[in-house]
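Participant: Next up, final_27.cif (mmCIF, C-alpha atoms and all ligand atoms).
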data_upload
loop_
_atom_site.label_atom_id
_atom_site.label_comp_id
_atom_site.auth_asym_id
_atom_site.auth_seq_id
_atom_site.Cartn_x
_atom_site.Cartn_y
_atom_site.Cartn_z
CA MET A 229 36.33 -46.08 -91.58
CA MET A 230 36.94 -42.40 -91.67
CA ILE A 231 34.09 -39.97 -91.07
CA VAL A 232 34.80 -36.53 -92.52
CA MET A 233 32.62 -33.91 -90.85
CA LYS A 234 31.39 -30.81 -92.69
CA GLU A 235 33.21 -27.56 -92.01
CA THR A 236 29.97 -26.30 -90.49
CA ALA A 237 29.50 -29.32 -88.18
CA THR A 238 28.74 -28.39 -84.57
CA ASP A 239 30.33 -29.95 -81.47
CA GLU A 240 27.03 -31.71 -80.77
CA GLU A 241 26.99 -33.26 -84.25
CA VAL A 242 30.57 -34.50 -83.79
CA GLU A 243 29.66 -35.89 -80.37
CA ALA A 244 26.61 -37.71 -81.79
CA VAL A 245 28.81 -39.46 -84.38
CA VAL A 246 31.37 -40.43 -81.71
CA GLU A 247 28.62 -41.86 -79.52
CA LYS A 248 27.19 -43.92 -82.35
CA ILE A 249 30.61 -45.38 -83.18
CA GLU A 250 31.34 -46.20 -79.57
CA SER A 251 27.94 -47.77 -79.04
CA ALA A 252 28.84 -50.23 -81.81
CA GLY A 253 31.93 -51.26 -79.84
CA ALA A 254 34.45 -49.42 -82.04
CA LEU A 255 37.00 -46.80 -81.03
CA ALA A 256 36.36 -43.24 -82.16
CA HIS A 257 39.44 -41.06 -82.64
CA ARG A 258 38.78 -37.38 -83.18
CA ILE A 259 41.27 -35.46 -85.28
CA VAL A 260 40.44 -31.78 -85.09
CA GLY A 261 42.05 -29.90 -87.96
CA ALA A 262 42.19 -26.19 -88.68
CA ARG A 263 39.18 -26.45 -91.02
CA LEU A 264 37.32 -29.62 -90.21
CA THR A 265 37.09 -32.60 -87.91
CA VAL A 266 37.75 -36.14 -89.01
CA ILE A 267 36.70 -39.11 -86.89
CA GLY A 268 38.47 -42.42 -87.29
CA ALA A 269 36.18 -45.32 -86.44
CA ILE A 270 38.33 -48.30 -85.68
CA GLY A 271 37.01 -51.70 -84.78
CA ASP A 272 38.92 -54.88 -83.98
CA VAL A 273 39.12 -56.81 -87.22
CA GLU A 274 38.49 -60.15 -85.52
CA GLN A 275 35.47 -58.86 -83.62
CA ASP A 276 33.84 -57.80 -86.85
CA VAL A 277 32.60 -54.42 -85.63
CA ASN A 278 30.31 -53.18 -88.36
CA VAL A 279 30.97 -49.44 -88.64
CA GLU A 280 29.67 -49.45 -92.20
CA GLY A 281 26.29 -50.65 -91.00
CA LEU A 282 25.81 -47.67 -88.67
CA GLY A 283 24.34 -45.48 -91.41
CA LEU A 284 26.54 -42.51 -90.61
CA GLU A 285 26.31 -41.07 -94.12
CA GLY A 286 23.03 -39.30 -93.64
CA GLN A 287 23.73 -38.12 -90.11
CA PRO A 288 23.71 -34.32 -89.46
CA GLY A 289 27.12 -32.70 -89.86
CA VAL A 290 28.63 -35.67 -91.74
CA ASP A 291 30.16 -34.82 -95.11
CA ARG A 292 31.30 -38.29 -96.18
CA VAL A 293 32.34 -41.72 -94.94
CA MET A 294 35.40 -43.30 -96.47
CA PRO A 295 37.28 -46.55 -95.95
CA ILE A 296 40.85 -46.28 -94.63
CA LEU A 297 42.83 -48.16 -97.20
CA LYS A 298 45.96 -48.98 -95.20
CA PRO A 299 46.32 -51.61 -92.46
CA TYR A 300 47.47 -48.82 -90.13
CA LYS A 301 44.73 -46.26 -89.62
CA LEU A 302 45.67 -43.51 -87.17
CA ALA A 303 49.24 -43.39 -88.50
CA SER A 304 48.04 -42.98 -92.07
CA SER A 305 48.32 -39.65 -93.85
CA GLN A 306 44.82 -40.29 -95.15
CA MET A 307 43.53 -39.72 -91.63
CA THR A 308 44.74 -36.12 -91.42
CA HIS A 309 43.91 -35.08 -94.99
CA GLY A 310 47.51 -34.17 -95.67
CA ALA A 311 48.01 -32.14 -92.46
CA ARG A 312 51.25 -33.04 -90.65
CA THR A 313 51.64 -33.78 -86.98
CA VAL A 314 53.91 -31.32 -85.21
CA LEU A 315 55.00 -32.41 -81.73
CA GLU A 316 55.80 -29.88 -79.07
CA ILE A 317 58.33 -30.89 -76.43
CA ASP A 318 58.79 -28.25 -73.75
CA GLY A 319 57.89 -25.57 -76.29
CA ARG A 320 60.18 -26.95 -79.02
CA LYS A 321 58.39 -27.97 -82.16
CA ILE A 322 59.29 -31.14 -84.05
CA GLY A 323 57.84 -31.57 -87.52
CA GLY A 324 56.41 -29.08 -90.00
CA ASP A 325 59.15 -26.58 -90.71
CA SER A 326 60.98 -27.23 -87.43
CA PHE A 327 64.07 -29.42 -87.49
CA ALA A 328 65.07 -31.27 -84.30
CA LEU A 329 68.71 -31.84 -83.50
CA ILE A 330 68.75 -34.54 -80.83
CA ALA A 331 72.25 -35.15 -79.54
CA GLY A 332 74.11 -36.70 -76.65
CA PRO A 333 76.01 -39.75 -75.55
CA CYS A 334 75.00 -43.28 -76.43
CA THR A 335 74.93 -44.07 -72.77
CA VAL A 336 75.19 -42.12 -69.55
CA GLU A 337 78.54 -43.11 -68.09
CA SER A 338 79.31 -40.51 -65.45
CA ARG A 339 78.23 -37.12 -64.14
CA GLU A 340 81.12 -35.32 -65.80
CA GLN A 341 80.65 -37.02 -69.20
CA THR A 342 76.90 -36.36 -69.21
CA LEU A 343 77.00 -32.73 -68.09
CA GLN A 344 79.93 -31.88 -70.34
CA THR A 345 78.15 -33.33 -73.39
CA ALA A 346 74.89 -31.63 -72.44
CA ARG A 347 76.57 -28.22 -72.25
CA VAL A 348 78.31 -28.68 -75.59
CA VAL A 349 75.19 -29.72 -77.46
CA ARG A 350 73.10 -27.01 -75.75
CA ASP A 351 75.62 -24.34 -76.78
CA ALA A 352 75.52 -25.58 -80.38
CA GLY A 353 71.73 -25.21 -80.46
CA ALA A 354 70.55 -28.79 -79.92
CA THR A 355 66.82 -29.30 -79.46
CA LEU A 356 66.88 -32.28 -77.09
CA LEU A 357 69.50 -34.25 -75.15
CA ARG A 358 69.72 -38.00 -75.75
CA GLY A 359 71.33 -40.52 -73.42
CA GLY A 360 70.65 -44.10 -72.42
CA ALA A 361 70.32 -45.16 -68.80
CA TYR A 362 69.05 -48.58 -69.83
CA LYS A 363 70.83 -50.07 -72.84
CA PRO A 364 69.73 -52.94 -75.08
CA ARG A 365 73.12 -54.56 -75.75
CA THR A 366 73.75 -57.36 -78.22
CA SER A 367 75.97 -59.11 -75.69
CA PRO A 368 74.64 -59.88 -72.23
CA TYR A 369 78.21 -59.33 -70.98
CA ALA A 370 78.32 -55.73 -72.28
CA PHE A 371 77.57 -52.69 -70.08
CA GLN A 372 73.80 -52.51 -69.63
CA GLY A 373 73.59 -48.88 -68.48
CA LEU A 374 73.66 -47.10 -65.11
CA GLY A 375 69.90 -47.54 -64.64
CA GLN A 376 68.36 -45.31 -61.97
CA GLU A 377 71.63 -43.47 -61.40
CA GLY A 378 71.76 -42.73 -65.14
CA LEU A 379 68.24 -41.31 -65.02
CA ARG A 380 69.25 -39.11 -62.09
CA LEU A 381 72.19 -37.73 -64.08
CA LEU A 382 69.94 -37.00 -67.05
CA ALA A 383 67.58 -35.10 -64.76
CA GLU A 384 70.52 -33.07 -63.50
CA ALA A 385 71.65 -32.35 -67.08
CA LYS A 386 68.15 -31.15 -67.90
CA SER A 387 67.93 -28.89 -64.89
CA GLU A 388 71.31 -27.35 -65.72
CA THR A 389 70.91 -26.92 -69.47
CA GLY A 390 67.14 -26.78 -69.91
CA LEU A 391 67.35 -29.45 -72.62
CA PRO A 392 64.44 -31.91 -72.65
CA ILE A 393 65.53 -35.55 -72.35
CA VAL A 394 65.17 -38.48 -74.75
CA THR A 395 65.98 -41.79 -73.09
CA GLU A 396 65.20 -45.40 -73.88
CA LEU A 397 62.77 -47.67 -72.09
CA VAL A 398 63.97 -51.25 -72.52
CA ASP A 399 61.95 -53.13 -69.92
CA MET A 400 58.36 -52.42 -68.92
CA ARG A 401 59.33 -52.82 -65.25
CA ASP A 402 61.30 -49.56 -65.45
CA ILE A 403 58.50 -47.50 -66.95
CA ASP A 404 57.69 -45.42 -63.87
CA ALA A 405 61.33 -44.51 -63.31
CA VAL A 406 61.83 -43.62 -66.99
CA LEU A 407 58.66 -41.51 -67.12
CA GLU A 408 59.95 -39.47 -64.15
CA VAL A 409 62.74 -38.13 -66.36
CA ALA A 410 61.98 -38.71 -70.05
CA ASP A 411 60.34 -35.92 -72.03
CA VAL A 412 60.49 -38.35 -74.95
CA VAL A 413 60.65 -42.11 -74.47
CA GLN A 414 62.82 -43.91 -76.99
CA ILE A 415 61.68 -47.33 -78.15
CA GLY A 416 64.75 -49.03 -79.53
CA ALA A 417 64.98 -50.92 -82.80
CA ARG A 418 65.00 -54.22 -80.94
CA ASN A 419 61.79 -53.36 -79.13
CA MET A 420 59.89 -51.99 -82.11
CA GLN A 421 57.61 -55.01 -82.07
CA ASN A 422 57.28 -55.32 -78.29
CA TYR A 423 53.57 -54.67 -78.49
CA PRO A 424 52.73 -54.56 -74.74
CA LEU A 425 55.53 -51.99 -74.28
CA LEU A 426 54.17 -49.90 -77.16
CA ALA A 427 50.64 -49.99 -75.76
CA GLU A 428 51.91 -48.96 -72.32
CA ILE A 429 53.71 -45.95 -73.80
CA GLY A 430 50.50 -45.23 -75.65
CA ARG A 431 48.58 -45.21 -72.36
CA SER A 432 51.22 -43.01 -70.71
CA GLY A 433 50.63 -40.27 -73.30
CA ARG A 434 54.35 -39.42 -73.24
CA PRO A 435 55.94 -38.49 -76.60
CA ALA A 436 57.70 -41.47 -78.14
CA LEU A 437 60.59 -41.84 -80.55
CA LEU A 438 59.99 -45.17 -82.26
CA LYS A 439 62.98 -46.70 -84.01
CA ARG A 440 62.60 -48.92 -87.03
CA GLY A 441 63.49 -52.56 -86.35
CA LEU A 442 66.69 -53.88 -87.92
CA SER A 443 64.74 -55.86 -90.49
CA SER A 444 61.35 -54.19 -90.43
CA THR A 445 59.42 -52.87 -93.38
CA LEU A 446 57.85 -49.42 -93.33
CA ASP A 447 54.43 -51.03 -93.00
CA GLU A 448 55.62 -52.89 -89.90
CA LEU A 449 57.03 -49.65 -88.46
CA LEU A 450 53.73 -47.87 -89.05
CA MET A 451 51.79 -50.76 -87.51
CA ALA A 452 54.03 -50.47 -84.44
CA ALA A 453 53.29 -46.73 -84.29
CA GLU A 454 49.60 -47.61 -84.52
CA TYR A 455 49.88 -49.52 -81.20
CA ILE A 456 50.91 -46.27 -79.49
CA LEU A 457 48.40 -44.07 -81.32
CA LYS A 458 45.53 -46.48 -80.69
CA GLU A 459 45.86 -45.93 -76.93
CA GLY A 460 45.17 -42.23 -77.43
CA ASN A 461 48.76 -40.97 -77.58
CA PRO A 462 49.25 -38.90 -80.75
CA ASN A 463 52.85 -37.92 -79.87
CA VAL A 464 54.90 -40.30 -81.97
CA MET A 465 57.96 -39.70 -84.11
CA LEU A 466 59.34 -42.37 -86.37
CA CYS A 467 63.07 -43.02 -86.65
CA GLU A 468 65.04 -44.57 -89.51
CA ARG A 469 68.27 -45.96 -88.04
CA GLY A 470 69.58 -48.29 -90.73
CA ILE A 471 68.41 -51.75 -91.75
CA ARG A 472 70.02 -55.09 -92.49
CA THR A 473 70.68 -55.71 -96.16
CA PHE A 474 73.04 -57.96 -98.15
CA GLU A 475 75.68 -55.21 -98.05
CA THR A 476 78.54 -55.97 -95.66
CA ALA A 477 80.79 -52.97 -96.33
CA TYR A 478 79.13 -50.99 -93.58
CA ARG A 479 77.17 -51.83 -90.46
CA PHE A 480 73.62 -51.07 -91.60
CA THR A 481 72.14 -49.56 -94.75
CA LEU A 482 70.69 -46.15 -93.93
CA ASP A 483 67.44 -46.17 -95.84
CA LEU A 484 67.05 -42.50 -96.71
CA MET A 485 64.29 -43.28 -99.18
CA ALA A 486 62.25 -44.16 -96.09
CA VAL A 487 62.11 -40.44 -95.25
CA PRO A 488 60.03 -39.16 -98.18
CA VAL A 489 58.07 -42.40 -98.39
CA LEU A 490 57.16 -42.40 -94.67
CA LYS A 491 56.13 -38.77 -95.05
CA GLU A 492 53.90 -39.76 -97.91
CA LEU A 493 52.35 -42.68 -96.02
CA SER A 494 52.07 -41.00 -92.64
CA HIS A 495 51.59 -37.59 -91.00
CA LEU A 496 54.07 -38.39 -88.22
CA PRO A 497 57.48 -36.64 -88.00
CA VAL A 498 60.43 -38.67 -89.29
CA ILE A 499 63.83 -38.57 -87.56
CA VAL A 500 67.07 -40.12 -88.86
CA ASP A 501 69.80 -41.75 -86.75
CA PRO A 502 73.03 -41.72 -88.77
CA SER A 503 75.18 -42.89 -85.83
CA HIS A 504 73.80 -46.40 -85.41
CA ALA A 505 73.44 -46.91 -89.15
CA ALA A 506 77.07 -46.05 -89.85
CA GLY A 507 78.86 -47.30 -86.77
CA ARG A 508 81.68 -44.98 -87.94
CA ARG A 509 82.23 -41.33 -87.08
CA ASP A 510 83.45 -40.29 -90.55
CA LEU A 511 80.15 -41.26 -92.17
CA VAL A 512 77.98 -39.42 -89.68
CA LEU A 513 78.29 -35.90 -91.18
CA PRO A 514 77.60 -36.85 -94.82
CA LEU A 515 74.67 -39.05 -93.83
CA SER A 516 73.29 -36.29 -91.61
CA LEU A 517 73.49 -33.74 -94.44
CA ALA A 518 71.72 -36.13 -96.77
CA ALA A 519 69.02 -36.89 -94.19
CA ALA A 520 68.36 -33.21 -93.55
CA ALA A 521 68.33 -32.38 -97.26
CA VAL A 522 65.93 -35.21 -98.08
CA GLY A 523 63.39 -33.73 -95.66
CA ALA A 524 63.89 -35.47 -92.31
CA ASP A 525 62.24 -33.67 -89.40
CA GLY A 526 65.30 -34.19 -87.27
CA ILE A 527 68.43 -36.15 -86.51
CA ILE A 528 69.40 -38.14 -83.44
CA VAL A 529 73.17 -38.31 -83.16
CA GLU A 530 75.74 -39.56 -80.66
CA VAL A 531 78.32 -37.20 -79.18
CA HIS A 532 81.01 -37.86 -76.56
CA PRO A 533 83.67 -35.69 -74.92
CA ASN A 534 86.20 -38.50 -75.28
CA PRO A 535 84.97 -41.16 -77.73
CA ASP A 536 88.17 -43.17 -77.44
CA GLU A 537 87.28 -43.88 -73.82
CA ALA A 538 83.53 -44.34 -74.34
CA ILE A 539 82.02 -47.46 -72.79
CA CYS A 540 79.55 -47.84 -75.62
CA ASP A 541 79.53 -46.89 -79.34
CA GLY A 542 82.70 -44.74 -79.15
CA PRO A 543 83.73 -45.29 -82.80
CA GLN A 544 80.55 -43.66 -84.08
CA ALA A 545 80.34 -40.79 -81.58
CA LEU A 546 81.08 -37.29 -82.82
CA ARG A 547 83.81 -35.59 -80.81
CA ALA A 548 82.30 -32.94 -78.58
CA GLU A 549 84.71 -30.29 -79.86
CA GLU A 550 83.50 -30.91 -83.44
CA PHE A 551 79.84 -30.68 -82.59
CA ALA A 552 79.23 -26.95 -83.10
CA ARG A 553 80.64 -27.15 -86.63
CA TYR A 554 78.59 -30.28 -87.32
CA ALA A 555 75.42 -28.55 -86.07
CA ARG A 556 75.97 -25.56 -88.37
CA ALA A 557 76.43 -27.82 -91.39
CA VAL A 558 73.28 -29.79 -90.58
CA GLN A 559 71.34 -26.57 -90.13
CA SER A 560 72.32 -25.46 -93.65
CA ALA A 561 71.22 -28.79 -95.10
CA ALA A 562 67.90 -28.58 -93.22
CA ALA A 563 67.42 -25.09 -94.66
CA LEU A 564 67.60 -26.62 -98.16
CA ALA A 565 64.47 -28.56 -97.23
CA GLY A 566 62.86 -25.42 -95.80
CA LYS A 567 63.43 -26.22 -92.13
CA ALA A 568 64.98 -24.34 -89.24
CA LEU A 569 66.38 -25.63 -85.98
CA ALA A 570 63.82 -26.12 -83.21
CA GLY A 571 66.11 -25.23 -80.35
CA ARG A 572 67.63 -22.17 -78.87
CA GLU A 573 69.76 -20.00 -81.06
CA PRO A 574 73.28 -21.46 -80.96
CA THR A 575 75.60 -19.49 -78.71
CA LEU A 576 78.67 -20.64 -80.64
CA VAL A 577 78.02 -19.36 -84.14
C1 LIG A 601 70.55 -46.15 -79.27
O1 LIG A 601 69.94 -45.19 -79.75
O2 LIG A 601 71.45 -46.00 -78.41
C2 LIG A 601 70.26 -47.51 -79.79
C3 LIG A 601 70.61 -48.59 -79.11
O3 LIG A 601 69.66 -47.50 -80.99
P1 LIG A 601 68.95 -48.69 -81.83
O4 LIG A 601 67.82 -49.18 -80.99
O5 LIG A 601 68.53 -48.01 -83.08
O6 LIG A 601 70.02 -49.75 -82.07
MN MN A 602 74.44 -46.16 -79.22
#
As structure tokens, how would this structure be written, given the file I've shared?
Facilitator:
Amino acid sequence: MMIVMKETATDEEVEAVVEKIESAGALAHRIVGARLTVIGAIGDVEQDVNVEGLGLEGQPGVDRVMPILKPYKLASSQMTHGARTVLEIDGRKIGGDSFALIAGPCTVESREQTLQTARVVRDAGATLLRGGAYKPRTSPYAFQGLGQEGLRLLAEAKSETGLPIVTELVDMRDIDAVLEVADVVQIGARNMQNYPLLAEIGRSGRPALLKRGLSSTLDELLMAAEYILKEGNPNVMLCERGIRTFETAYRFTLDLMAVPVLKELSHLPVIVDPSHAAGRRDLVLPLSLAAAAVGADGIIVEVHPNPDEAICDGPQALRAEEFARYARAVQSAAALAGKALAGREPTLV
């Protein structure tokens, strides 16, 4: 249930409602908006927590009590009354009218490759640096990432360029090491339904970039986000990265309709990954322009100083020397949707 407090409700009245919900064994999530406070009362379905029976309607400060109609509650746009979540990563806003350009190599391969890419994307105005130290590879014989050494190189790239880091957590056993370095923890498509991992990221409170599973519906993606939110971590961005369909002419089908529909269903920022959807460099720019124009809150894209030599995902990586031009084009498309880049001003205009 959702308890909408009156605009005039006092802190004590909000607290009294929270206490009543918690005494019934349900979770109370406070969402404090500019005008009013909404409290989500969420009980475990199986445990039959009776929030309705608490008689909250007449309680001082309560305006109305409404059911939450979707299976996901905290992720639902109903919960925020249309207000959108804007994340702030090291002072850079993601969501609202801020567009995030997240760029970097698929995987951290070496010091030179990582620092070179970081400088290029920083100079072109990127918001965050991406790079995998732990890689979920389809083949167990493929390069699995540099691990701890990769994390160390990402930390060095951050200290040199000032760019916050997005890196993937694949295995729960590496969580402490990843949290040492990651400003945003990426949950890969293959781990979207790894529920203990999601809950652990929820408990960590660290911002998360949650990728849509290869064959997951939007409802399943939002339920996965709910696992993170439920643990008290509101810092979640959703990522459309292409899904499996009957089409075989390209690697995945980039579901751009997911962008406006997710933004209708949820208040969370929506990011698009054109690189993994396409698997081909030549499709990355047009898909990025379309994603920005359709209202995405950001793009996560792969860049490499020498894609022909890349250990992982070279064919889809943008060439570093093309990146500044790419970034300018994406910025113009984002402007069509009323958004501006959430990074530094580009130095290479
Ligand atoms: C990645 O971002 O490098 C990656 C492996 O993505 P996905 O989980 O979407 O396949
Ligand atoms: Mn990749």
Participant: Tell me which protein, DNA and RNA residues are within 8 Å of region 525-538 of chain A, counting all atoms listed in the file, leaving out same-chain ones fewer than 4 positions away, and put them as a PyMOL selection string.
Facilitator: chain A and resi 322-334+341+344-345+358+497-503+516+519-520+542-549+551
Participant: From the set A:Ala561, A:Ala453, A:Leu517, A:Val413, which residue has the shortest atom-to-atom contact distance to ligand LIG 601 (chain A), counting only C-alpha atoms and all ligand atoms?
Facilitator: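 Looking at the shortest contact to ligand LIG 601 (chain A), the residue is A:Val413.
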Participant: Quote the spacing between CA of Leu382 (chain A) and CA of Leu449 (chain A) in Å to one decimal place.
Facilitator: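 Between these atoms lies a distance of 28.0 Å.
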Participant: If the box runs along x, y and z of the file and leaves 4 Å on each side of ligand LIG 601 (chain A), what are its centre and edge lengths in Å, one decimal, as JSON?
Facilitator:
{"center_x": 69.6, "center_y": -47.5, "center_z": -80.7, "size_x": 11.6, "size_y": 12.6, "size_z": 12.7}
Participant: Would you tabulate, counting only C-alpha atoms and all ligand atoms, all residues of chain A that have an atom at most 10 Å from an atom of ligand LIG 601 (chain A), showing the closest pair of atoms and their distance in Å to one decimal, sorted by chain then ascending number, as CSV?
Facilitator:
residue,atom,partner,partner_atom,distance
A:Gly332,CA,A:LIG601,O2,9.8
A:Pro333,CA,A:LIG601,O2,8.2
A:Cys334,CA,A:LIG601,O2,4.9
A:Thr335,CA,A:LIG601,O2,6.9
A:Arg358,CA,A:LIG601,O1,8.2
A:Gly359,CA,A:LIG601,O2,7.4
A:Gly360,CA,A:LIG601,O2,6.3
A:Ala361,CA,A:LIG601,O2,9.7
A:Tyr362,CA,A:LIG601,O2,9.3
A:Lys363,CA,A:LIG601,C3,6.4
A:Pro364,CA,A:LIG601,C3,6.0
A:Arg365,CA,A:LIG601,C3,7.3
A:Thr366,CA,A:LIG601,O6,9.3
A:Val394,CA,A:LIG601,O1,9.6
A:Thr395,CA,A:LIG601,O1,8.5
A:Glu396,CA,A:LIG601,O1,7.5
A:Val398,CA,A:LIG601,O4,9.5
A:Gln414,CA,A:LIG601,O1,7.7
A:Ile415,CA,A:LIG601,O4,7.0
A:Gly416,CA,A:LIG601,O4,3.4
A:Ala417,CA,A:LIG601,O4,3.8
A:Arg418,CA,A:LIG601,O4,5.8
A:Asn419,CA,A:LIG601,O4,7.6
A:Met420,CA,A:LIG601,O4,8.5
A:Leu437,CA,A:LIG601,O1,10.0
A:Leu438,CA,A:LIG601,O4,8.9
A:Lys439,CA,A:LIG601,O5,5.8
A:Arg440,CA,A:LIG601,O5,7.2
A:Gly441,CA,A:LIG601,O5,7.5
A:Leu442,CA,A:LIG601,O5,7.8
A:Cys467,CA,A:LIG601,O5,8.2
A:Glu468,CA,A:LIG601,O5,8.1
A:Arg469,CA,A:LIG601,O5,5.4
A:Gly470,CA,A:LIG601,O5,7.7
A:Ile471,CA,A:LIG601,O5,9.4
A:Val500,CA,A:LIG601,O5,9.9
A:Asp501,CA,A:LIG601,O5,7.4
A:Pro502,CA,A:LIG601,O5,9.6
A:Ser503,CA,A:LIG601,O1,8.3
A:His504,CA,A:LIG601,O5,6.0
A:Ala505,CA,A:LIG601,O5,7.9
A:Ile528,CA,A:LIG601,O1,8.0
A:Val529,CA,A:LIG601,O1,8.3
A:Glu530,CA,A:LIG601,O2,8.1
A:Cys540,CA,A:LIG601,O2,8.8
A:Asp541,CA,A:LIG601,O2,8.2
Participant: Keeping only C-alpha atoms, take the residues you just selected and write them out as a tab-separated table (two decimals), in the coordinates of the input.
Facilitator:
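And here's out.tsv as it stands now:
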chain	number	residue	atom	x	y	z
A	332	GLY	CA	74.11	-36.70	-76.65
A	333	PRO	CA	76.01	-39.75	-75.55
A	334	CYS	CA	75.00	-43.28	-76.43
A	335	THR	CA	74.93	-44.07	-72.77
A	358	ARG	CA	69.72	-38.00	-75.75
A	359	GLY	CA	71.33	-40.52	-73.42
A	360	GLY	CA	70.65	-44.10	-72.42
A	361	ALA	CA	70.32	-45.16	-68.80
A	362	TYR	CA	69.05	-48.58	-69.83
A	363	LYS	CA	70.83	-50.07	-72.84
A	364	PRO	CA	69.73	-52.94	-75.08
A	365	ARG	CA	73.12	-54.56	-75.75
A	366	THR	CA	73.75	-57.36	-78.22
A	394	VAL	CA	65.17	-38.48	-74.75
A	395	THR	CA	65.98	-41.79	-73.09
A	396	GLU	CA	65.20	-45.40	-73.88
A	398	VAL	CA	63.97	-51.25	-72.52
A	414	GLN	CA	62.82	-43.91	-76.99
A	415	ILE	CA	61.68	-47.33	-78.15
A	416	GLY	CA	64.75	-49.03	-79.53
A	417	ALA	CA	64.98	-50.92	-82.80
A	418	ARG	CA	65.00	-54.22	-80.94
A	419	ASN	CA	61.79	-53.36	-79.13
A	420	MET	CA	59.89	-51.99	-82.11
A	437	LEU	CA	60.59	-41.84	-80.55
A	438	LEU	CA	59.99	-45.17	-82.26
A	439	LYS	CA	62.98	-46.70	-84.01
A	440	ARG	CA	62.60	-48.92	-87.03
A	441	GLY	CA	63.49	-52.56	-86.35
A	442	LEU	CA	66.69	-53.88	-87.92
A	467	CYS	CA	63.07	-43.02	-86.65
A	468	GLU	CA	65.04	-44.57	-89.51
A	469	ARG	CA	68.27	-45.96	-88.04
A	470	GLY	CA	69.58	-48.29	-90.73
A	471	ILE	CA	68.41	-51.75	-91.75
A	500	VAL	CA	67.07	-40.12	-88.86
A	501	ASP	CA	69.80	-41.75	-86.75
A	502	PRO	CA	73.03	-41.72	-88.77
A	503	SER	CA	75.18	-42.89	-85.83
A	504	HIS	CA	73.80	-46.40	-85.41
A	505	ALA	CA	73.44	-46.91	-89.15
A	528	ILE	CA	69.40	-38.14	-83.44
A	529	VAL	CA	73.17	-38.31	-83.16
A	530	GLU	CA	75.74	-39.56	-80.66
A	540	CYS	CA	79.55	-47.84	-75.62
A	541	ASP	CA	79.53	-46.89	-79.34
Participant: Rank A:Met229, A:Leu297, A:Val246, A:Ala506 by their smallest atom-to-atom distance to ligand MN 602 (chain A), using all atoms listed in the file, and report the top residue only.
Facilitator: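 Of the candidates, the smallest distance to ligand MN 602 (chain A) is held by A:Ala506.
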Participant: Using all atoms listed in the file, pick whichever of A:Gly271, A:Gly373, A:Gly261, A:Pro435 has the shortest atom-to-atom distance to ligand MN 602 (chain A).
Facilitator: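 Answer, going by the shortest atom-to-atom distance: A:Gly373.
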Participant: Rank nothing, just name the residue among A:Glu454, A:Glu388, A:Glu280, A:Glu475 nearest to Ile249 (chain A), using only C-alpha atoms.
Facilitator: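 Counting only C-alpha atoms, the residue closest to Ile249 (chain A) is A:Glu280.
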Participant: Smallest atom-to-atom distance to Lys301 (chain A): which of A:Leu407, A:Val489, A:Ala427, A:Leu255, using only C-alpha atoms?
Facilitator: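 Using only C-alpha atoms, the shortest distance to Lys301 (chain A) belongs to A:Leu255.
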Participant: Check the smallest atom-to-atom distance from each of A:Gly268, A:Val293, A:Ile317, A:Gln559 to Gly281 (chain A) using all atoms listed in the file, then report the winner.
Facilitator: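 Under the stated criterion, the closest residue is A:Val293.
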